[in-house]
Structures are given as C-alpha cells and as structure tokens.
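Written out below as structure tokens is the structure these notes cover.
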Amino acid sequence: MKIIDAKVLVSCPGRNFVTLKILTDDGVFGLGDATLNGRELAVASYLTDHVLPCILGRDPFQTEDLWQYLYRGAYWRRGPVTMTAIAAVDMALWDIKGKALGQPLYRLLGGASRPVPAYAGGFALGYAEPAAVAEEAARQVAGGYRAVKLRLGDTLNRDIERSRALRSELGPDVALLADANCRYSVDDVRAMLPVLAEAGAGWLEEPFPPYQDRSWRTAASLARPVLPLAAGENLYTRYEFQRLLDGGAVSVVQPDLSRCGGVTEAVRIAALASAAGLPVCSHGCHTGLNFAASVHYLAAIENAWYFEADGSTDNPLRTAACSPAYSLAADGTVLPLEGPGLGVEVDEDYLRAHPLTQGPAWH
Ligand SMILES: [Mg+2]
C-alpha cells in the first residue's frame, strides 16, 4: 500500500476545523485532526507546503518510521504548528491501518484495558456568573458526567465564588477538577488552595505555563498535602514530558493527542508516565477526530485516569461535521468506537458548505 495523495480541508462549522485526508492506492483513506485553534492556517500551510509532498509514495503502515522522518528530518523541531501537523499525519495513518485491517484503533494499540471515565471540560462553563456556571454544571451532570472541571483564572474572588457555587450545586458525589489555564501566580495558588481543598477538588491544573520551573516547585511544595497538580496540554513530544516528570511537581499527566505528536508519541508519553507511577488524562477534545482518537488511546493504555470531553451538546465539530456521535454510559464512562480505524466519518459536503471565517483566537 502506498500514499498517493493528501489534502487539507479547512472549514468553519461554528468553529474553525482543519482536517487532513490521506489517500492510498488501494482506495483506503485516513483522517487526521489538524486543528490548532487560533493558528489554523499555519498548520494547513505547514502540511501542504512542507509535509505532504514528503510522504507521497510512502507506506502508510510505517507509522514509526514516518514519525521519525517528519520529526527528525527537520532542523526546526517541536512547537504547536509542527507537532499538530505531525500529529495529523500520524492520526490519519493509524486510521488507514485500522481500516485496512478491519480493526478499531484501540485494538491495534493493545486492546481495551478498562472503561475510561469522562469529565466535562471547563471551557463550556467559562467565566459566567457563579449561579450560571453551577446551572451549566448541573446540566452536564444530568447528561451523564460524573466529573466536571471549573475554569479558574478570573479574579480570585470570582474563582472562589464559582468554586463554592459548583460544589454546593453538585453535592459530594460528583468529582470537581480545577484548571487555572496558566493565569495564576504562586500567591494565587497559595490563596486558592484552602478554597479548592474545601471544595474537594481532585486537582489543580496548569497554574502556570510549564516552563516556569521555580513557580512549579513552589506550588508543588504548597499543594502536595492538599491536592495534586496537573499539566501537559502545552507540552510537545516525549522529551518535554520527560522534563516535566523529572521536575517532580506534577502528579497528573495530560497530553493532547494533536499537540504532543499524535497517537505514536502519546503512547510513548503514557509509558514515561507509567514508569513514574503517574496517571494519564487526555486534554480537551473539540473535534470528532481528536475525541475519537483520544478515547481509543486512553482505552488502550494501562494508566488512563480521565478523558476530558468538551461537555457541550451542540459542538458542531463533534456532531454535525463528524459521525457517529458519542454518548456517555450510565456510569459516566466513554467507550471507544468499534468501527475500523478511528471509527469516525467526516461529512465533506458539510465542511465545504461552511468555509473558513478567520475570527479572533478564542483560546
Ligand atoms: Mg487545561
């Protein structure tokens, strides 16, 4: 089997959505998510101008060799644009493998280890009034989630109000997670820890960007008796994750399949985390392709903890543009799709009917 063509589909069905489609000489094609929110066209250009010409004629089953070729073949490595492009190729190649073999991706990665609990990501909750945030969380729990994430990083008073409103609304049985989105100082962490402890938060995610080593060390010394710290969505490749693990501050590892380097690299990162005795959670999945790949990945690795879902019922990147739709099990877990490869189809007519509109970066 050979790769004979590849194209990038840039669209905006409500949000910007970039899809990579790789075609082979025996008619099997693979899909990969190339969406880098806020920098969509940069990835599309990187793929079209620099990557795709290099993979024509290659064997799509050689995911390892092609990953190394695309990563090590370039002098300028890592970073969001490069790694999102490599991840899209890698995801599409795994999709091709699964389709050619008639097997869902999770079975190619080792088979399902256990059901993966899902939580509703904090983006849907946002910085609305505390009562409105609590109301949205209640809707998510009614929809099946047994865990929700609070978006921190507003003023401290508002963060405190939302934290208390959420715990009051959710009761003691729903897990509450907290994400500061890199908007805290060490003093903010110091002030919020008693509040998060009172709310029974399961972790504090990304108080700072991952390269602020001294801040992380201080935060870890403050947080360790109270709650774990989590990070990973801003990291690329196993090398950056190894550095994170060596720092010793983080107890929950959160790779994003479309940032860290795709399925191939995410499996390696899970092994690094396993060797450190740490659980892996996926970072938020806004497109149907990333969503599906992340569930396959977490189902197959032995140290998965939580799957981060967008928590929205009307996200067109996961519903109108992609099928089949996911549903949560009654216990709040999410199962991988059973179709071959990713198990996801993208409606290209729908994407063509929703061309790109470049709005401001939303994240
Ligand atoms: Mg986050």
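Just so we're on the same page: first chain in the structure tokens is A, next is B, and so on; residues restart at 1 for each chain, and ligands are numbered from 1 in the order they show up.
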Sort by chain and increasing residue number a table of all residues of chain A within 8 Å of ligand 1, each with its closest pair of atoms and their distance in Å to one decimal, counting only C-alpha atoms and all ligand atoms, and write it as CSV.
residue,atom,partner,partner_atom_place_in_ligand_line,distance
A:Asp179,CA,ligand 1,1 (Mg),5.6
A:Ala180,CA,ligand 1,1 (Mg),7.4
A:Asn181,CA,ligand 1,1 (Mg),5.6
A:Glu205,CA,ligand 1,1 (Mg),6.3
A:Glu206,CA,ligand 1,1 (Mg),6.5
A:Ala231,CA,ligand 1,1 (Mg),7.4
A:Glu233,CA,ligand 1,1 (Mg),6.4
A:His283,CA,ligand 1,1 (Mg),6.7
A:Gly284,CA,ligand 1,1 (Mg),7.3
| DSSP says helix (DSSP H, G or I) for which residues of region 94-206 of chain A? Put them as a ChimeraX atom specification? | /A:94-101,105-108,130-142,156-170,186-198
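Among the candidate residues A:Ala74, A:Leu298, A:Ala34, A:Leu351, the one lying nearest to His50 (chain A) is A:Ala74, with distances computed using only C-alpha atoms.
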| message | Please list as a PyMOL selection string every residue within 8 Å of region 266-275 of chain A, counting only C-alpha atoms and excluding residues in the same chain fewer than 2 positions away. | response | chain A and resi 237-238+241-242+245+253+255-257+260-264+277-280+297+301-303
Would you put the residues from that selection into a file with N, CA, C and O atoms, as a PDB file, in the first residue's frame?
ATOM      1  N   THR A 237       6.029  16.486  22.451  1.00  0.00           N
ATOM      2  CA  THR A 237       6.987  15.372  22.380  1.00  0.00           C
ATOM      3  C   THR A 237       7.290  14.760  23.754  1.00  0.00           C
ATOM      4  O   THR A 237       7.136  15.391  24.795  1.00  0.00           O
ATOM      5  N   ARG A 238       7.800  13.542  23.691  1.00  0.00           N
ATOM      6  CA  ARG A 238       8.202  12.821  24.903  1.00  0.00           C
ATOM      7  C   ARG A 238       9.309  13.553  25.649  1.00  0.00           C
ATOM      8  O   ARG A 238       9.456  13.433  26.862  1.00  0.00           O
ATOM      9  N   PHE A 241       7.802  16.029  27.990  1.00  0.00           N
ATOM     10  CA  PHE A 241       7.129  15.329  29.083  1.00  0.00           C
ATOM     11  C   PHE A 241       8.139  14.711  30.046  1.00  0.00           C
ATOM     12  O   PHE A 241       7.910  14.675  31.255  1.00  0.00           O
ATOM     13  N   GLN A 242       9.257  14.233  29.522  1.00  0.00           N
ATOM     14  CA  GLN A 242      10.280  13.690  30.425  1.00  0.00           C
ATOM     15  C   GLN A 242      10.789  14.778  31.359  1.00  0.00           C
ATOM     16  O   GLN A 242      11.001  14.557  32.548  1.00  0.00           O
ATOM     17  N   LEU A 245       8.247  15.357  34.045  1.00  0.00           N
ATOM     18  CA  LEU A 245       8.280  14.302  35.059  1.00  0.00           C
ATOM     19  C   LEU A 245       9.512  14.443  35.942  1.00  0.00           C
ATOM     20  O   LEU A 245       9.443  14.255  37.163  1.00  0.00           O
ATOM     21  N   VAL A 253      -0.715  13.640  34.312  1.00  0.00           N
ATOM     22  CA  VAL A 253      -0.076  13.938  33.021  1.00  0.00           C
ATOM     23  C   VAL A 253      -1.157  14.035  31.945  1.00  0.00           C
ATOM     24  O   VAL A 253      -1.953  13.114  31.772  1.00  0.00           O
ATOM     25  N   PRO A 255      -1.396  14.789  28.144  1.00  0.00           N
ATOM     26  CA  PRO A 255      -1.052  15.071  26.750  1.00  0.00           C
ATOM     27  C   PRO A 255      -2.296  15.324  25.897  1.00  0.00           C
ATOM     28  O   PRO A 255      -3.353  14.750  26.151  1.00  0.00           O
ATOM     29  N   ASP A 256      -2.136  16.197  24.909  1.00  0.00           N
ATOM     30  CA  ASP A 256      -3.165  16.386  23.884  1.00  0.00           C
ATOM     31  C   ASP A 256      -2.668  15.653  22.643  1.00  0.00           C
ATOM     32  O   ASP A 256      -1.580  15.957  22.133  1.00  0.00           O
ATOM     33  N   LEU A 257      -3.453  14.722  22.158  1.00  0.00           N
ATOM     34  CA  LEU A 257      -3.016  13.897  21.032  1.00  0.00           C
ATOM     35  C   LEU A 257      -2.607  14.730  19.829  1.00  0.00           C
ATOM     36  O   LEU A 257      -1.709  14.352  19.081  1.00  0.00           O
ATOM     37  N   CYS A 260       0.957  16.782  21.201  1.00  0.00           N
ATOM     38  CA  CYS A 260       2.154  16.085  21.680  1.00  0.00           C
ATOM     39  C   CYS A 260       2.857  15.341  20.554  1.00  0.00           C
ATOM     40  O   CYS A 260       4.020  14.974  20.687  1.00  0.00           O
ATOM     41  N   GLY A 261       2.159  15.120  19.429  1.00  0.00           N
ATOM     42  CA  GLY A 261       2.791  14.421  18.316  1.00  0.00           C
ATOM     43  C   GLY A 261       1.986  13.253  17.779  1.00  0.00           C
ATOM     44  O   GLY A 261       2.509  12.462  17.002  1.00  0.00           O
ATOM     45  N   GLY A 262       0.724  13.127  18.216  1.00  0.00           N
ATOM     46  CA  GLY A 262      -0.137  12.094  17.666  1.00  0.00           C
ATOM     47  C   GLY A 262      -0.188  10.843  18.515  1.00  0.00           C
ATOM     48  O   GLY A 262       0.346  10.785  19.627  1.00  0.00           O
ATOM     49  N   VAL A 263      -0.823   9.832  17.962  1.00  0.00           N
ATOM     50  CA  VAL A 263      -1.020   8.576  18.688  1.00  0.00           C
ATOM     51  C   VAL A 263       0.325   7.949  19.032  1.00  0.00           C
ATOM     52  O   VAL A 263       0.560   7.506  20.169  1.00  0.00           O
ATOM     53  N   THR A 264       1.221   7.903  18.057  1.00  0.00           N
ATOM     54  CA  THR A 264       2.515   7.251  18.247  1.00  0.00           C
ATOM     55  C   THR A 264       3.275   7.861  19.414  1.00  0.00           C
ATOM     56  O   THR A 264       3.814   7.139  20.269  1.00  0.00           O
ATOM     57  N   GLY A 277       4.894   6.168  37.720  1.00  0.00           N
ATOM     58  CA  GLY A 277       3.768   5.852  38.596  1.00  0.00           C
ATOM     59  C   GLY A 277       2.649   6.862  38.543  1.00  0.00           C
ATOM     60  O   GLY A 277       1.905   7.030  39.519  1.00  0.00           O
ATOM     61  N   LEU A 278       2.493   7.543  37.399  1.00  0.00           N
ATOM     62  CA  LEU A 278       1.508   8.621  37.305  1.00  0.00           C
ATOM     63  C   LEU A 278       0.403   8.292  36.297  1.00  0.00           C
ATOM     64  O   LEU A 278       0.650   7.626  35.288  1.00  0.00           O
ATOM     65  N   PRO A 279      -0.811   8.804  36.557  1.00  0.00           N
ATOM     66  CA  PRO A 279      -1.920   8.576  35.630  1.00  0.00           C
ATOM     67  C   PRO A 279      -1.884   9.557  34.460  1.00  0.00           C
ATOM     68  O   PRO A 279      -1.307  10.637  34.545  1.00  0.00           O
ATOM     69  N   VAL A 280      -2.543   9.149  33.368  1.00  0.00           N
ATOM     70  CA  VAL A 280      -2.642   9.979  32.168  1.00  0.00           C
ATOM     71  C   VAL A 280      -4.103  10.355  31.939  1.00  0.00           C
ATOM     72  O   VAL A 280      -4.996   9.506  32.023  1.00  0.00           O
ATOM     73  N   TYR A 297      -7.028   5.828  22.558  1.00  0.00           N
ATOM     74  CA  TYR A 297      -5.728   5.870  23.249  1.00  0.00           C
ATOM     75  C   TYR A 297      -5.889   5.566  24.741  1.00  0.00           C
ATOM     76  O   TYR A 297      -5.201   4.689  25.286  1.00  0.00           O
ATOM     77  N   ILE A 301      -4.193   2.296  26.941  1.00  0.00           N
ATOM     78  CA  ILE A 301      -3.043   2.399  27.838  1.00  0.00           C
ATOM     79  C   ILE A 301      -3.438   1.920  29.233  1.00  0.00           C
ATOM     80  O   ILE A 301      -4.619   1.910  29.591  1.00  0.00           O
ATOM     81  N   GLU A 302      -2.446   1.527  30.024  1.00  0.00           N
ATOM     82  CA  GLU A 302      -2.779   0.926  31.320  1.00  0.00           C
ATOM     83  C   GLU A 302      -2.934   1.938  32.437  1.00  0.00           C
ATOM     84  O   GLU A 302      -3.412   1.587  33.509  1.00  0.00           O
ATOM     85  N   ASN A 303      -2.547   3.191  32.201  1.00  0.00           N
ATOM     86  CA  ASN A 303      -2.580   4.176  33.285  1.00  0.00           C
ATOM     87  C   ASN A 303      -3.491   5.360  32.982  1.00  0.00           C
ATOM     88  O   ASN A 303      -3.250   6.467  33.447  1.00  0.00           O
TER      89      ASN A 303
END
| said: My list of candidates is A:Thr19, A:Asp95, A:Glu338, A:Ile86. Which is closest to Leu66 (chain A) when distances are computed with only C-alpha atoms? | reply: A:Ile86
| task | Find the residues near region 167-172 of chain A: any atom within 10 Å, counting only C-alpha atoms, skip ones fewer than 4 places away on the same chain, and give them as number ranges by chain. | result | A: 131, 133-135, 137-138, 141, 146-148, 162-163, 176, 196, 198-201
| query | Between A:Leu105, A:Leu356, A:Leu23, A:Ile3, which has the minimum distance to Leu56 (chain A) (counting only C-alpha atoms)? | reply | A:Ile3
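Residues in contact with Ile160 (chain A) at 9 Å, where only C-alpha atoms are counted and same-chain residues fewer than 6 positions away are skipped, are listed as Leu152, Met192, Val195 and Leu196 of chain A.
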| Could you name the residues that touch Leu342 (chain A) at 10 Å or less, counting only C-alpha atoms, but leaving out those on the same chain fewer than 6 positions away, as a list in words? | Gly30, Leu31, Gly32, Met91, Ala92, Trp94, Asp95, Ile96, Lys97, Gly98, Lys99, Gln103, Pro104, Leu105, Tyr106, Gly288, Leu289, Asn290, Phe291, Ala292, Ala293, Ser294, Val295, His296 and Pro336 of chain A
Write the residues you've just listed into a file as a JSON list (two decimals), in the first residue's frame, and include N, CA and C atoms for each of them.
[["chain", "number", "residue", "atom", "x", "y", "z"],
["A", 30, "GLY", "N", -7.36, 7.85, 5.19],
["A", 30, "GLY", "CA", -7.32, 8.11, 6.62],
["A", 30, "GLY", "C", -7.56, 9.57, 6.92],
["A", 31, "LEU", "N", -8.13, 9.84, 8.11],
["A", 31, "LEU", "CA", -8.44, 11.21, 8.53],
["A", 31, "LEU", "C", -7.62, 11.56, 9.77],
["A", 32, "GLY", "N", -7.12, 12.79, 9.79],
["A", 32, "GLY", "CA", -6.40, 13.28, 10.96],
["A", 32, "GLY", "C", -6.86, 14.68, 11.30],
["A", 91, "MET", "N", -2.18, 10.49, 13.01],
["A", 91, "MET", "CA", -3.56, 10.06, 13.27],
["A", 91, "MET", "C", -4.19, 9.46, 12.01],
["A", 92, "ALA", "N", -3.96, 10.12, 10.88],
["A", 92, "ALA", "CA", -4.54, 9.63, 9.62],
["A", 92, "ALA", "C", -3.93, 8.28, 9.23],
["A", 94, "TRP", "N", -2.77, 5.95, 11.30],
["A", 94, "TRP", "CA", -3.38, 4.93, 12.17],
["A", 94, "TRP", "C", -4.80, 4.63, 11.71],
["A", 95, "ASP", "N", -5.51, 5.65, 11.23],
["A", 95, "ASP", "CA", -6.86, 5.44, 10.71],
["A", 95, "ASP", "C", -6.80, 4.51, 9.50],
["A", 96, "ILE", "N", -5.82, 4.74, 8.63],
["A", 96, "ILE", "CA", -5.65, 3.87, 7.46],
["A", 96, "ILE", "C", -5.34, 2.44, 7.89],
["A", 97, "LYS", "N", -4.43, 2.28, 8.84],
["A", 97, "LYS", "CA", -4.08, 0.93, 9.32],
["A", 97, "LYS", "C", -5.32, 0.19, 9.81],
["A", 98, "GLY", "N", -6.10, 0.88, 10.65],
["A", 98, "GLY", "CA", -7.29, 0.23, 11.20],
["A", 98, "GLY", "C", -8.28, -0.16, 10.12],
["A", 99, "LYS", "N", -8.47, 0.76, 9.17],
["A", 99, "LYS", "CA", -9.43, 0.46, 8.09],
["A", 99, "LYS", "C", -8.93, -0.70, 7.23],
["A", 103, "GLN", "N", -9.98, -3.22, 11.90],
["A", 103, "GLN", "CA", -9.94, -3.22, 13.36],
["A", 103, "GLN", "C", -10.00, -1.78, 13.90],
["A", 104, "PRO", "N", -10.71, -1.57, 15.01],
["A", 104, "PRO", "CA", -10.69, -0.24, 15.64],
["A", 104, "PRO", "C", -9.31, 0.06, 16.22],
["A", 105, "LEU", "N", -8.98, 1.32, 16.29],
["A", 105, "LEU", "CA", -7.64, 1.74, 16.70],
["A", 105, "LEU", "C", -7.24, 1.16, 18.05],
["A", 106, "TYR", "N", -8.15, 1.16, 19.02],
["A", 106, "TYR", "CA", -7.74, 0.73, 20.36],
["A", 106, "TYR", "C", -7.25, -0.71, 20.35],
["A", 288, "GLY", "N", -14.47, 15.87, 16.41],
["A", 288, "GLY", "CA", -14.83, 14.45, 16.47],
["A", 288, "GLY", "C", -13.65, 13.53, 16.26],
["A", 289, "LEU", "N", -12.66, 13.97, 15.48],
["A", 289, "LEU", "CA", -11.49, 13.13, 15.21],
["A", 289, "LEU", "C", -10.59, 13.02, 16.43],
["A", 290, "ASN", "N", -10.27, 14.16, 17.03],
["A", 290, "ASN", "CA", -9.43, 14.15, 18.23],
["A", 290, "ASN", "C", -10.14, 13.41, 19.36],
["A", 291, "PHE", "N", -11.45, 13.65, 19.47],
["A", 291, "PHE", "CA", -12.27, 12.99, 20.50],
["A", 291, "PHE", "C", -12.13, 11.46, 20.36],
["A", 292, "ALA", "N", -12.35, 10.97, 19.14],
["A", 292, "ALA", "CA", -12.32, 9.52, 18.93],
["A", 292, "ALA", "C", -10.93, 8.95, 19.19],
["A", 293, "ALA", "N", -9.89, 9.62, 18.65],
["A", 293, "ALA", "CA", -8.53, 9.11, 18.82],
["A", 293, "ALA", "C", -8.14, 9.08, 20.30],
["A", 294, "SER", "N", -8.55, 10.09, 21.04],
["A", 294, "SER", "CA", -8.19, 10.16, 22.46],
["A", 294, "SER", "C", -8.86, 9.04, 23.25],
["A", 295, "VAL", "N", -10.10, 8.72, 22.91],
["A", 295, "VAL", "CA", -10.78, 7.63, 23.62],
["A", 295, "VAL", "C", -10.10, 6.29, 23.31],
["A", 296, "HIS", "N", -9.77, 6.06, 22.04],
["A", 296, "HIS", "CA", -9.04, 4.82, 21.69],
["A", 296, "HIS", "C", -7.75, 4.72, 22.51],
["A", 336, "PRO", "N", -14.59, 3.39, 23.39],
["A", 336, "PRO", "CA", -14.10, 3.67, 22.04],
["A", 336, "PRO", "C", -15.08, 3.16, 20.99]]
| request: Quick one: everything within 7 Å of region 214-221 of chain A, counting only C-alpha atoms, minus sequence neighbours fewer than 2 positions away in the same chain. Send it as a PyMOL selection string. | output: chain A and resi 186+189+212+223-224+249
